[in-house]
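Student: Once you've had a glance at the structure underneath, I'll fire off some questions.
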Amino acid sequence: MVRDTPARGGNQLAYYVLLALRSFRRNRMLTALMVLTIALGIGTSMTTLTVMHVLSGNPIPQKSAQLFRVRMNVFPDHHFHASDDTPDNFTRRDVETLLHDARADRQAAMSAGSLVVISAQGDPLNLEARYTGADFFPMFDVPMRYGHAWSRDDDASRARVAVISSELNEQLFGGKDSVGQTLQVGNQSLRVVGVLGDWDMNPRFYDLSNNQFGDSEQVFMPLSTEMDMKLSTSGNTNCWDNTSNMQAADAPCLWLQYWVELDSAAKVSAYRQYLGNYIALQQHAGRFSHPGEIELQDVMQWLDFKGVVPSDVRLQMWLALGFLGICLLNTVGLLLAKFLRRSSELGVRRALGASRRAIFMQCLVEAGVVGLAGGVFGLALAGIGIVLVRHQPTNYSAYIHMDLRMLLATFALALASSLLAGLLPAWRAMNVAPAVAIKSN
Amino acid sequence: MHFRHILSALARHRIAVCLLVLEIAFSCAVVCNALFLIGARLERMHRPSGADESHIVQVHVRSVAATSPEATMAQTRTDLAALRAIPDVANVSVVNQTLFGGSFNGSGVSLSDAPKAPSVTVTQYFGNQQLADTMGLKLAEGRWFNPDEFVSDEQLEGEGATVPVIISRALAQHFFPGQSAVGKVIYAFGTNRVVGVVDTLVQPRDYGAAEFYEYAMLFPVNLSYAEGTYLLRVRDASQRDAVIRDAIHALKTDGPLRLLSPKDATTLEAAREKYYRNDRAMAWLLVGVCLLLLVVTAVGIVGLTSFWVAQRRRQIGIRRAIGATRGDILRYFQTENFLIATFGIVLGMMLAYGLNLLLMLHYELGRLPGWYFPVGAVILWIIGQLAVFGPALRASNVPPVVATRA
């Protein structure tokens with residue numbers, strides 16, 4: 001016989017949990033169905049929320065508000081369309097002026113490219129390269145394992161130097177300190193001055209035009225050296241006139257990305273002012289007459305602007321949340337059936353003096369226990385879901401993992417949703433009239 | 001049937017009925033839209049490219065040390081001869097960009113040479129005289145290029161060039177609706193007269209609005225291997241892997257040291273497979289969600305109907321005692337479920353329509369075609385009937401003697 005008042009008031013919760021477990025044993029099938037539906041809902045939601053969480057993460061939290069992608073519209077008038085976005089890239093001419101003025105704390109122009117390097121064994125290797133300036137490394141907090149980055153003087157003198165990734169160092173030089181070694185690029189050679197430490201920027205915010213997710217480049221070298229050696233670049237190039245050499249000093253082509261570091265709001269507005277003056281000067285010189293729009297976006301604004309989270313992933317998340325909603329609706333129905341089936345038991349409890357509040361709490365605790373059980377199984381399902389996502393051939397799949405925050409969020413979501421689902425059934429159960437319930441048995 | 005009795009019985013369980021109706025409605029709305037999304041993905045994945053995809057392989061070679069343009073061109077001729085000599089190779093060419101490849105090569109094209117004329121970005125294929133045959137393109141109108149029309153890259157982009165062009169049928173209809181494009185002039189590289197129209201030729205990868213996918217141009221340009229990729233058409237599709245092996249071998253033995261990684265040599269079908277892998281993954285995910293949804297809905301129906309059956313054991317016993325057959329009881333619960341499902345489906349149709357409008361707002365998606373509604377309805381009716389069968393059977397097995405027990 002159920003004794004209605006718990007032994008000690010403080011153990012009320014434990015008592016309700018005990019009652020809940022007893023009720024589960026009596027109704028194994030219904031309980032299992034409820035746990036299963038919640039687990040399915042939580043499992044799919046947490047899988048997609050984890051993907052969202054990783055993809056919309058901040059790749060460089062310590063500096064994301066101080067690094068700015070600069071864009072401006074320098075199209076000649078006959079190629080200017082007011083409705084078009086400000087282009088992402090710069091011409092060589094503009095970049096060289098901005099770099100020369102050096103009005104930001106740090107600045108780096110860059111482009112992606114690829115090199116063919118001959119290994120010591122004589123095999124040609126195709127390597128991903130980044131052509132940039134000396135400021136790149138301190139700007140983006142790039143760690144060095146051996147040696148150091150090249151200097152601004154190296155940029156100015158077009159020094160034949162390179163920094164290589166630790167994987168390439170492993171591949172070419174067996175992981176030893178390779179500073180001073182050379183890379184054979186065609187008929188020319190580059191001297192290794194540094195080897196990167198572990199540097200994992202995902203999403204690769206500094207250049208989203210090629211691969212938004214993936215390893216960093218294998219070779220870094222001065223942009224000025226690259227232009228001297230006439231290597232090949234990759235990424236978006238937009239030329240408004242035919243040209244034989246898009247890298248030429250005056251080529252009418254947008255192909256260089258430009259980043260600046262500005263560590264205070266005052267510097268940001270001063271830099272905006274400077275860019276405005278630059279545009280005014282160009283207009284004055286007759287280069288174009290349109291307003292020459294300027295955009296200065298920090299890392300998170302830039303990621304948002306480029307839509308780094310694929311629309312499919314957003315759709316998947318909404319789909320999973322919708323699915324969770326339907327699972328909850330289902331749980332409401334099942335809980336209702338479960339509680340009302342026990343009308344007579346609840347009636348007895350009411351008759352023995354349990355308040356409506358107590359019945360309500362008892363039912364909610366039961367719903368919460370179901371939710372937590374659903375959360376445990378849901379976590380297991382989310383684990384399977386994440387393994388499935390990681391096996392998908394998308395470019396981001398390798399970076400999807402569950403962290404502690406998402407783990408806790410799983411249980412919070414499971415508990416919150418089951419309590420929400422329990423509200424209506426618990427309210428119905430507490431309104432059971434004791435006399436009718438007992439008599440009908 | 002006794003609809004009226006069923007309705008009055010349902011009215012006593014308003015909350016539970018509402019929950020079931022809502023669950024079926026939401027399932028119906030999501031399933032309809034998910035099926036539509038799956039259909040859209042499948043349609044996208046099966047867009048024809050115009051090339052004879054099952055018979056094409058491609059090999060990309062990169063030079064290691066820079067050589068003079070003349071030497072590179074001479075090497076290209078040597079390579080083409082060596083590739084053509086491979087058994088089972090029907091034709092060989094060099095193309096500037098490959099279907100489903102990583103790059104998109106295009107130009108702004110307009111119908112006037114005025115500087116401010118409106119232009120469309122159209123993708124451009126450059127290749128020698130073998131290109132059209134190697135790709136297996138079909139001529140719809142006009143002619144192929146004459147041998148004397150082939151030029152170099154510099155000549156095409158030079159001042160005042162007048163190189164002829166072949167365009168895709170979709171582009172022809174865009175520029176010259178209702179008339180023949182052959183003989184007309186477009187402005188891409190200087191002045192380009194259209195000499196032919198091909199049935200289908202598409203962008204190497206999606207760029208710009210969906211209707212631009214089939215806009216493409218073909219220019220008569222002799223390229224060196226350094227500026228493009230070798231395309232080989234194979235006579236027998238089953239020999240593709242052998243041809244790739246032979247091609248790599250031939251290119252490795254007949255020239256200077258060059259970069260030839262195995263991943264740069266694939267069949268066009270493999271390239272298509274890779275290009276659409278995200279779409280395929282998304283389609284399977286949607287299929288999975290639909291199945292899970294239907295399972296969860298069925299679970300809800302089983303749970304609530306079981307509850308009703310348990311609650312109504314005495315009433316069922318009484319009905320049996322006054323002459324209802326087991327079939328009557330079974331049909332009662334089946335009809336009840338049919339009614340609930342119908343309410344759910346009607347509400348679900350409206351939700352499906354609303355959800356579609358919401359999706360159209362945020363994603364590039366068309367209007368849900370009408371025939372998805374009956375499909376969704378039938379699926380949910382079937383699920384409902386399957387789910388209710390077990391509990392209804394249990395109800396029909398309640399013996400009449402239950403009526404006598406109080």
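We name chains A, B, ... following the order of the structure tokens; residues begin at 1 in each chain, and ligands are numbered from 1 as shown.
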Hey, list the chain B side of the contact with chain A: 7 Å cut-off, only C-alpha atoms, answer as an mmCIF file with N, CA and C atoms, in the first residue's frame.
Tutor:
data_model
loop_
_atom_site.group_PDB
_atom_site.id
_atom_site.type_symbol
_atom_site.label_atom_id
_atom_site.label_comp_id
_atom_site.auth_asym_id
_atom_site.auth_seq_id
_atom_site.Cartn_x
_atom_site.Cartn_y
_atom_site.Cartn_z
ATOM 1 N N ALA B 16 -6.823 14.540 -25.676
ATOM 2 C CA ALA B 16 -6.043 13.479 -26.314
ATOM 3 C C ALA B 16 -6.251 13.496 -27.822
ATOM 4 N N LEU B 19 -4.333 16.305 -29.350
ATOM 5 C CA LEU B 19 -2.901 15.998 -29.421
ATOM 6 C C LEU B 19 -2.592 15.125 -30.628
ATOM 7 N N GLU B 23 -0.359 16.088 -33.830
ATOM 8 C CA GLU B 23 0.829 15.312 -34.170
ATOM 9 C C GLU B 23 0.777 14.860 -35.627
ATOM 10 N N PHE B 26 1.327 17.964 -37.923
ATOM 11 C CA PHE B 26 2.726 18.395 -38.062
ATOM 12 C C PHE B 26 3.531 17.382 -38.864
ATOM 13 N N VAL B 64 56.405 21.208 -64.027
ATOM 14 C CA VAL B 64 57.220 21.455 -62.843
ATOM 15 C C VAL B 64 58.113 22.670 -63.071
ATOM 16 N N ALA B 65 58.832 22.658 -64.167
ATOM 17 C CA ALA B 65 59.701 23.788 -64.505
ATOM 18 C C ALA B 65 59.087 24.507 -65.698
ATOM 19 N N ALA B 66 59.084 25.848 -65.643
ATOM 20 C CA ALA B 66 58.485 26.621 -66.723
ATOM 21 C C ALA B 66 59.267 26.405 -68.017
ATOM 22 N N PRO B 115 29.684 50.236 -73.778
ATOM 23 C CA PRO B 115 30.309 49.894 -72.493
ATOM 24 C C PRO B 115 29.298 49.576 -71.392
ATOM 25 N N LYS B 116 28.120 50.188 -71.424
ATOM 26 C CA LYS B 116 27.172 49.978 -70.321
ATOM 27 C C LYS B 116 26.092 48.956 -70.657
ATOM 28 N N GLU B 157 41.852 36.681 -76.982
ATOM 29 C CA GLU B 157 41.673 37.815 -76.070
ATOM 30 C C GLU B 157 42.271 39.107 -76.612
ATOM 31 N N ARG B 258 56.889 15.780 -64.750
ATOM 32 C CA ARG B 258 55.689 16.587 -64.546
ATOM 33 C C ARG B 258 54.904 16.052 -63.367
ATOM 34 N N LEU B 259 54.016 16.892 -62.859
ATOM 35 C CA LEU B 259 53.219 16.488 -61.703
ATOM 36 C C LEU B 259 51.948 15.808 -62.192
ATOM 37 N N ARG B 277 27.863 15.114 -53.844
ATOM 38 C CA ARG B 277 27.813 14.289 -52.632
ATOM 39 C C ARG B 277 27.040 14.963 -51.498
ATOM 40 N N ASN B 278 27.132 16.287 -51.383
ATOM 41 C CA ASN B 278 26.362 16.974 -50.338
ATOM 42 C C ASN B 278 24.866 16.830 -50.568
ATOM 43 N N LEU B 293 9.976 10.274 -38.311
ATOM 44 C CA LEU B 293 8.734 10.994 -38.014
ATOM 45 C C LEU B 293 7.545 10.061 -38.064
ATOM 46 N N VAL B 296 7.566 7.795 -35.067
ATOM 47 C CA VAL B 296 7.137 8.480 -33.847
ATOM 48 C C VAL B 296 5.619 8.704 -33.865
ATOM 49 N N VAL B 299 3.952 5.512 -33.064
ATOM 50 C CA VAL B 299 4.085 5.225 -31.631
ATOM 51 C C VAL B 299 3.020 5.985 -30.848
ATOM 52 N N GLY B 300 2.816 7.252 -31.199
ATOM 53 C CA GLY B 300 1.810 8.065 -30.513
ATOM 54 C C GLY B 300 0.418 7.471 -30.681
ATOM 55 N N GLY B 303 0.112 4.273 -28.596
ATOM 56 C CA GLY B 303 0.017 4.579 -27.168
ATOM 57 C C GLY B 303 -1.367 5.062 -26.778
ATOM 58 N N LEU B 304 -1.865 6.064 -27.505
ATOM 59 C CA LEU B 304 -3.156 6.641 -27.110
ATOM 60 C C LEU B 304 -4.307 5.678 -27.378
ATOM 61 N N PHE B 307 -4.518 3.150 -24.695
ATOM 62 C CA PHE B 307 -5.100 3.753 -23.503
ATOM 63 C C PHE B 307 -6.627 3.773 -23.598
#
Student: I'd like the neighbourhood of segment 272-287 of chain A as number ranges by chain, where a residue qualifies if any of its atoms comes within 12 Å (using only C-alpha atoms), though same-chain residues fewer than 5 positions away should be ignored.
Tutor: A: 68, 70-80, 93-95, 97-98, 101-104, 252, 260, 262, 265-267, 292-297
Student: Restricting the output to N, CA and C atoms, write the selected residues as an mmCIF file, in the first residue's frame.
Tutor:
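Heads up, here's the output in out21.cif:
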data_model
loop_
_atom_site.group_PDB
_atom_site.id
_atom_site.type_symbol
_atom_site.label_atom_id
_atom_site.label_comp_id
_atom_site.auth_asym_id
_atom_site.auth_seq_id
_atom_site.Cartn_x
_atom_site.Cartn_y
_atom_site.Cartn_z
ATOM 1 N N PHE A 68 40.178 42.965 -38.947
ATOM 2 C CA PHE A 68 39.152 43.448 -39.861
ATOM 3 C C PHE A 68 39.501 43.106 -41.303
ATOM 4 N N VAL A 70 39.095 44.246 -44.947
ATOM 5 C CA VAL A 70 38.820 45.522 -45.608
ATOM 6 C C VAL A 70 38.329 45.240 -47.022
ATOM 7 N N ARG A 71 37.267 45.926 -47.412
ATOM 8 C CA ARG A 71 36.801 45.823 -48.794
ATOM 9 C C ARG A 71 36.477 47.219 -49.279
ATOM 10 N N MET A 72 36.705 47.490 -50.548
ATOM 11 C CA MET A 72 36.214 48.750 -51.101
ATOM 12 C C MET A 72 35.937 48.594 -52.582
ATOM 13 N N ASN A 73 35.072 49.451 -53.083
ATOM 14 C CA ASN A 73 34.640 49.332 -54.470
ATOM 15 C C ASN A 73 35.412 50.327 -55.333
ATOM 16 N N VAL A 74 36.336 49.792 -56.139
ATOM 17 C CA VAL A 74 37.146 50.672 -56.988
ATOM 18 C C VAL A 74 36.887 50.403 -58.470
ATOM 19 N N PHE A 75 35.752 49.758 -58.764
ATOM 20 C CA PHE A 75 35.438 49.500 -60.170
ATOM 21 C C PHE A 75 35.401 50.810 -60.955
ATOM 22 N N PRO A 76 35.883 50.805 -62.184
ATOM 23 C CA PRO A 76 35.678 52.003 -63.013
ATOM 24 C C PRO A 76 34.176 52.155 -63.282
ATOM 25 N N ASP A 77 33.757 53.366 -63.605
ATOM 26 C CA ASP A 77 32.321 53.630 -63.724
ATOM 27 C C ASP A 77 31.611 52.684 -64.681
ATOM 28 N N HIS A 78 32.259 52.327 -65.794
ATOM 29 C CA HIS A 78 31.526 51.498 -66.763
ATOM 30 C C HIS A 78 31.387 50.065 -66.285
ATOM 31 N N HIS A 79 32.014 49.711 -65.159
ATOM 32 C CA HIS A 79 31.813 48.377 -64.595
ATOM 33 C C HIS A 79 31.172 48.421 -63.227
ATOM 34 N N PHE A 80 30.675 49.580 -62.877
ATOM 35 C CA PHE A 80 30.070 49.733 -61.557
ATOM 36 C C PHE A 80 28.572 49.483 -61.645
ATOM 37 N N ARG A 93 47.485 47.417 -57.247
ATOM 38 C CA ARG A 93 47.842 48.825 -57.080
ATOM 39 C C ARG A 93 47.332 49.387 -55.749
ATOM 40 N N ASP A 94 46.059 49.111 -55.428
ATOM 41 C CA ASP A 94 45.491 49.632 -54.177
ATOM 42 C C ASP A 94 46.173 49.000 -52.969
ATOM 43 N N VAL A 95 46.399 47.695 -53.054
ATOM 44 C CA VAL A 95 47.020 46.995 -51.941
ATOM 45 C C VAL A 95 48.408 47.561 -51.657
ATOM 46 N N THR A 97 49.536 50.530 -52.242
ATOM 47 C CA THR A 97 49.449 51.845 -51.599
ATOM 48 C C THR A 97 49.099 51.714 -50.120
ATOM 49 N N LEU A 98 48.083 50.883 -49.834
ATOM 50 C CA LEU A 98 47.645 50.706 -48.441
ATOM 51 C C LEU A 98 48.762 50.113 -47.583
ATOM 52 N N ASP A 101 51.345 52.841 -46.911
ATOM 53 C CA ASP A 101 50.915 53.809 -45.900
ATOM 54 C C ASP A 101 50.934 53.203 -44.498
ATOM 55 N N ALA A 102 50.596 51.920 -44.391
ATOM 56 C CA ALA A 102 50.646 51.178 -43.127
ATOM 57 C C ALA A 102 50.005 51.937 -41.976
ATOM 58 N N ARG A 103 48.730 52.315 -42.138
ATOM 59 C CA ARG A 103 48.047 53.094 -41.107
ATOM 60 C C ARG A 103 47.445 52.249 -39.989
ATOM 61 N N ALA A 104 47.365 50.927 -40.177
ATOM 62 C CA ALA A 104 46.795 50.080 -39.131
ATOM 63 C C ALA A 104 47.920 49.587 -38.225
ATOM 64 N N PRO A 252 43.948 45.439 -64.248
ATOM 65 C CA PRO A 252 42.593 45.812 -63.806
ATOM 66 C C PRO A 252 41.888 44.620 -63.158
ATOM 67 N N VAL A 260 43.419 43.965 -41.710
ATOM 68 C CA VAL A 260 44.156 44.876 -40.827
ATOM 69 C C VAL A 260 43.845 44.530 -39.382
ATOM 70 N N LEU A 262 43.328 46.381 -35.751
ATOM 71 C CA LEU A 262 43.093 47.686 -35.129
ATOM 72 C C LEU A 262 42.607 47.399 -33.721
ATOM 73 N N ALA A 265 38.551 51.163 -30.675
ATOM 74 C CA ALA A 265 37.470 51.734 -31.482
ATOM 75 C C ALA A 265 37.939 53.020 -32.152
ATOM 76 N N ALA A 266 38.796 53.793 -31.437
ATOM 77 C CA ALA A 266 39.284 55.048 -32.001
ATOM 78 C C ALA A 266 40.099 54.765 -33.264
ATOM 79 N N LYS A 267 40.918 53.708 -33.184
ATOM 80 C CA LYS A 267 41.740 53.373 -34.358
ATOM 81 C C LYS A 267 40.874 52.919 -35.520
ATOM 82 N N GLY A 292 32.308 54.718 -54.127
ATOM 83 C CA GLY A 292 33.468 53.949 -53.679
ATOM 84 C C GLY A 292 33.293 53.399 -52.279
ATOM 85 N N GLU A 293 32.243 52.638 -52.134
ATOM 86 C CA GLU A 293 31.867 52.058 -50.838
ATOM 87 C C GLU A 293 33.034 51.393 -50.096
ATOM 88 N N ILE A 294 33.056 51.556 -48.768
ATOM 89 C CA ILE A 294 34.103 50.948 -47.935
ATOM 90 C C ILE A 294 33.447 50.012 -46.927
ATOM 91 N N GLU A 295 33.977 48.841 -46.739
ATOM 92 C CA GLU A 295 33.466 47.932 -45.702
ATOM 93 C C GLU A 295 34.631 47.499 -44.814
ATOM 94 N N LEU A 296 34.386 47.552 -43.495
ATOM 95 C CA LEU A 296 35.386 47.112 -42.527
ATOM 96 C C LEU A 296 34.652 46.135 -41.617
ATOM 97 N N GLN A 297 34.945 44.846 -41.734
ATOM 98 C CA GLN A 297 34.178 43.861 -40.960
ATOM 99 C C GLN A 297 35.105 43.050 -40.073
#
Student: Hey, what does DSSP flag as strand (DSSP E) within segment 80-200 of chain A? Can you give it to me as number ranges by chain?
Tutor: A: 106-118, 124-132, 144-147, 161-164, 182-185, 188-196
Student: Would you save the residues of that selection, restricted to N, CA and C atoms, as a short mmCIF file (atom, residue, chain, number, x, y, z; two decimals), in the first residue's frame?
Tutor:
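Contents of out.cif, as written:
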data_model
loop_
_atom_site.label_atom_id
_atom_site.label_comp_id
_atom_site.auth_asym_id
_atom_site.auth_seq_id
_atom_site.Cartn_x
_atom_site.Cartn_y
_atom_site.Cartn_z
N ARG A 106 48.65 46.52 -37.69
CA ARG A 106 49.30 45.56 -38.58
C ARG A 106 48.43 45.41 -39.81
N GLN A 107 49.02 45.02 -40.93
CA GLN A 107 48.23 44.81 -42.13
C GLN A 107 48.87 43.72 -42.97
N ALA A 108 48.01 42.96 -43.63
CA ALA A 108 48.51 41.90 -44.49
C ALA A 108 47.63 41.76 -45.72
N ALA A 109 48.25 41.77 -46.89
CA ALA A 109 47.58 41.43 -48.13
C ALA A 109 47.91 39.98 -48.39
N MET A 110 47.02 39.28 -49.04
CA MET A 110 47.32 37.87 -49.27
C MET A 110 46.54 37.30 -50.44
N SER A 111 47.06 36.16 -50.88
CA SER A 111 46.36 35.38 -51.90
C SER A 111 46.73 33.92 -51.68
N ALA A 112 45.84 33.04 -52.12
CA ALA A 112 46.17 31.61 -52.07
C ALA A 112 46.81 31.22 -53.39
N GLY A 113 47.49 30.10 -53.41
CA GLY A 113 48.09 29.63 -54.63
C GLY A 113 48.57 28.22 -54.46
N SER A 114 49.24 27.71 -55.49
CA SER A 114 49.83 26.40 -55.31
C SER A 114 51.18 26.34 -56.00
N LEU A 115 52.06 25.54 -55.43
CA LEU A 115 53.44 25.42 -55.89
C LEU A 115 53.72 23.98 -56.21
N VAL A 116 54.60 23.74 -57.15
CA VAL A 116 55.09 22.38 -57.33
C VAL A 116 56.53 22.37 -56.82
N VAL A 117 56.76 21.54 -55.81
CA VAL A 117 58.09 21.46 -55.19
C VAL A 117 58.64 20.08 -55.48
N ILE A 118 59.95 20.01 -55.77
CA ILE A 118 60.56 18.70 -56.02
C ILE A 118 61.16 18.20 -54.71
N PRO A 124 57.80 15.24 -57.84
CA PRO A 124 57.14 16.53 -57.73
C PRO A 124 55.95 16.45 -56.76
N LEU A 125 55.80 17.47 -55.92
CA LEU A 125 54.68 17.53 -54.97
C LEU A 125 53.93 18.81 -55.22
N ASN A 126 52.59 18.71 -55.21
CA ASN A 126 51.78 19.91 -55.36
C ASN A 126 51.43 20.42 -53.96
N LEU A 127 51.82 21.67 -53.65
CA LEU A 127 51.60 22.19 -52.30
C LEU A 127 50.68 23.40 -52.32
N GLU A 128 49.82 23.46 -51.31
CA GLU A 128 48.97 24.63 -51.14
C GLU A 128 49.82 25.75 -50.53
N ALA A 129 49.70 26.95 -51.08
CA ALA A 129 50.55 28.03 -50.60
C ALA A 129 49.72 29.25 -50.22
N ARG A 130 50.29 30.07 -49.33
CA ARG A 130 49.70 31.36 -49.04
C ARG A 130 50.78 32.41 -49.25
N TYR A 131 50.47 33.39 -50.09
CA TYR A 131 51.40 34.47 -50.36
C TYR A 131 50.93 35.66 -49.53
N THR A 132 51.77 36.14 -48.62
CA THR A 132 51.31 37.22 -47.74
C THR A 132 52.50 38.03 -47.25
N MET A 144 55.00 29.24 -33.93
CA MET A 144 56.16 28.71 -34.67
C MET A 144 56.80 27.60 -33.86
N ARG A 145 57.11 26.49 -34.51
CA ARG A 145 57.82 25.43 -33.82
C ARG A 145 59.33 25.65 -33.92
N TYR A 146 59.78 25.92 -35.12
CA TYR A 146 61.21 26.17 -35.32
C TYR A 146 61.35 27.51 -36.04
N GLY A 147 62.48 28.18 -35.79
CA GLY A 147 62.78 29.40 -36.51
C GLY A 147 61.77 30.49 -36.23
N VAL A 161 62.27 33.37 -49.30
CA VAL A 161 62.14 32.68 -48.02
C VAL A 161 60.75 32.06 -47.93
N ALA A 162 60.62 31.07 -47.03
CA ALA A 162 59.33 30.42 -46.85
C ALA A 162 59.19 29.92 -45.42
N VAL A 163 57.94 29.87 -44.96
CA VAL A 163 57.61 29.21 -43.69
C VAL A 163 56.78 28.00 -44.09
N ILE A 164 57.07 26.84 -43.50
CA ILE A 164 56.33 25.65 -43.92
C ILE A 164 55.52 25.08 -42.76
N THR A 182 66.34 24.15 -48.15
CA THR A 182 65.72 24.82 -49.29
C THR A 182 64.58 24.00 -49.87
N LEU A 183 63.63 24.71 -50.47
CA LEU A 183 62.55 24.09 -51.23
C LEU A 183 62.83 24.38 -52.69
N GLN A 184 62.84 23.35 -53.53
CA GLN A 184 63.09 23.54 -54.94
C GLN A 184 61.77 23.80 -55.65
N VAL A 185 61.58 25.05 -56.12
CA VAL A 185 60.34 25.41 -56.83
C VAL A 185 60.70 25.69 -58.28
N GLN A 188 63.89 27.59 -59.33
CA GLN A 188 64.32 28.50 -58.27
C GLN A 188 64.20 27.80 -56.92
N SER A 189 64.74 28.46 -55.90
CA SER A 189 64.63 27.82 -54.59
C SER A 189 64.25 28.82 -53.52
N LEU A 190 63.60 28.31 -52.49
CA LEU A 190 63.19 29.12 -51.35
C LEU A 190 63.90 28.57 -50.11
N ARG A 191 64.36 29.48 -49.22
CA ARG A 191 65.01 29.06 -48.00
C ARG A 191 63.99 28.99 -46.87
N VAL A 192 63.94 27.88 -46.16
CA VAL A 192 62.99 27.75 -45.05
C VAL A 192 63.51 28.58 -43.88
N VAL A 193 62.68 29.52 -43.39
CA VAL A 193 63.09 30.31 -42.22
C VAL A 193 62.30 29.92 -40.97
N GLY A 194 61.18 29.23 -41.15
CA GLY A 194 60.38 28.87 -39.99
C GLY A 194 59.50 27.67 -40.27
N VAL A 195 59.12 26.97 -39.19
CA VAL A 195 58.19 25.85 -39.29
C VAL A 195 57.04 26.14 -38.34
N LEU A 196 55.81 26.03 -38.84
CA LEU A 196 54.65 26.32 -38.01
C LEU A 196 54.49 25.29 -36.90
#
Student: In Å to one decimal, how far is atom CA of Ala90 of chain B from atom CA of Pro256 of chain B?
Tutor: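 The value is 25.7 Å.
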Student: Might you pull out every residue within 12 Å of Leu393 of chain B, with only C-alpha atoms counted and same-chain residues fewer than 6 positions away left off, and present them as a PyMOL selection string?
Tutor: chain B and resi 302+305-306+309+326-334+385-387
Student: Would you mind exporting the chosen residues as an mmCIF file, in the first residue's frame, restricted to C-alpha atoms?
Tutor:
data_model
loop_
_atom_site.group_PDB
_atom_site.id
_atom_site.type_symbol
_atom_site.label_atom_id
_atom_site.label_comp_id
_atom_site.auth_asym_id
_atom_site.auth_seq_id
_atom_site.Cartn_x
_atom_site.Cartn_y
_atom_site.Cartn_z
ATOM 1 C CA VAL B 302 -0.437 3.049 -30.631
ATOM 2 C CA THR B 305 -5.354 4.013 -28.747
ATOM 3 C CA SER B 306 -4.139 1.390 -26.277
ATOM 4 C CA VAL B 309 -9.062 0.523 -25.417
ATOM 5 C CA ARG B 326 -15.632 -8.702 -33.193
ATOM 6 C CA GLY B 327 -15.492 -7.223 -36.683
ATOM 7 C CA ASP B 328 -17.752 -4.371 -35.541
ATOM 8 C CA ILE B 329 -15.385 -3.501 -32.680
ATOM 9 C CA LEU B 330 -12.333 -3.714 -34.948
ATOM 10 C CA ARG B 331 -13.962 -1.486 -37.528
ATOM 11 C CA TYR B 332 -15.066 0.971 -34.839
ATOM 12 C CA PHE B 333 -11.470 1.678 -33.818
ATOM 13 C CA GLN B 334 -10.293 1.705 -37.427
ATOM 14 C CA GLN B 385 -4.326 2.216 -39.989
ATOM 15 C CA LEU B 386 -1.177 0.159 -39.431
ATOM 16 C CA ALA B 387 -0.651 1.680 -35.988
#
Student: Could you work out how far atom CA of Asp79 of chain B lies from atom CA of Gln129 of chain B, giving the answer in Å with one decimal?
Tutor: 15.8 Å
Student: Just checking: using only C-alpha atoms, which residue out of A:Leu423, A:Ser224, A:Val376, A:Leu404 ends up closest to Val35 of chain A?
Tutor: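 Comparing A:Leu423, A:Ser224, A:Val376, A:Leu404 against Val35 of chain A, the winner is A:Val376.
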Student: Quick one: residues within 6 Å of Gln58 of chain B, only C-alpha atoms counted, chain neighbours fewer than 2 positions away excluded, as a list in words?
Tutor: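 Here the answer would be Tyr230, Leu231, Ala265 and Thr266 of chain B.
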Student: Those same residues, written as a PDB file, in the first residue's frame with N, CA and C atoms?
Tutor:
ATOM      1  N   TYR B 230      43.523  17.165 -70.000  1.00  0.00           N
ATOM      2  CA  TYR B 230      43.285  16.227 -71.088  1.00  0.00           C
ATOM      3  C   TYR B 230      41.966  15.513 -70.882  1.00  0.00           C
ATOM      4  N   LEU B 231      41.131  15.498 -71.930  1.00  0.00           N
ATOM      5  CA  LEU B 231      39.889  14.733 -71.914  1.00  0.00           C
ATOM      6  C   LEU B 231      40.048  13.570 -72.868  1.00  0.00           C
ATOM      7  N   ALA B 265      43.412  12.235 -62.015  1.00  0.00           N
ATOM      8  CA  ALA B 265      42.962  11.436 -63.154  1.00  0.00           C
ATOM      9  C   ALA B 265      41.720  10.668 -62.727  1.00  0.00           C
ATOM     10  N   THR B 266      40.558  11.056 -63.265  1.00  0.00           N
ATOM     11  CA  THR B 266      39.308  10.397 -62.837  1.00  0.00           C
ATOM     12  C   THR B 266      38.378  10.211 -64.021  1.00  0.00           C
TER      13      THR B 266
END
Student: Could you pull the residues within 8 Å of Thr191 of chain B, counting only C-alpha atoms, minus those fewer than 2 positions along the same chain, as a PyMOL selection string?
Tutor: chain B and resi 160-163+185-189+193
Student: With only C-alpha atoms as the basis for distance, which of A:Val179, A:Ala351, A:Val142, A:Ala251 is at the shortest distance from Val436 of chain A?
Tutor: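 Going through A:Val179, A:Ala351, A:Val142, A:Ala251 one by one, the smallest distance to Val436 of chain A is for A:Ala351.
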Student: Residues within 9 Å of Val54 of chain A, please, as a ChimeraX atom specification. Count only C-alpha atoms; anything in the same chain fewer than 3 positions from it doesn't count.
Tutor: /A:49-51,57-58,202,399-402
Student: For Gly347 of chain A, please output as a ChimeraX atom specification all residues within 7 Å (counting only C-alpha atoms; exclusion window: fewer than 3 positions along the same chain).
Tutor: /A:343-344,350-351,432-435,437-438
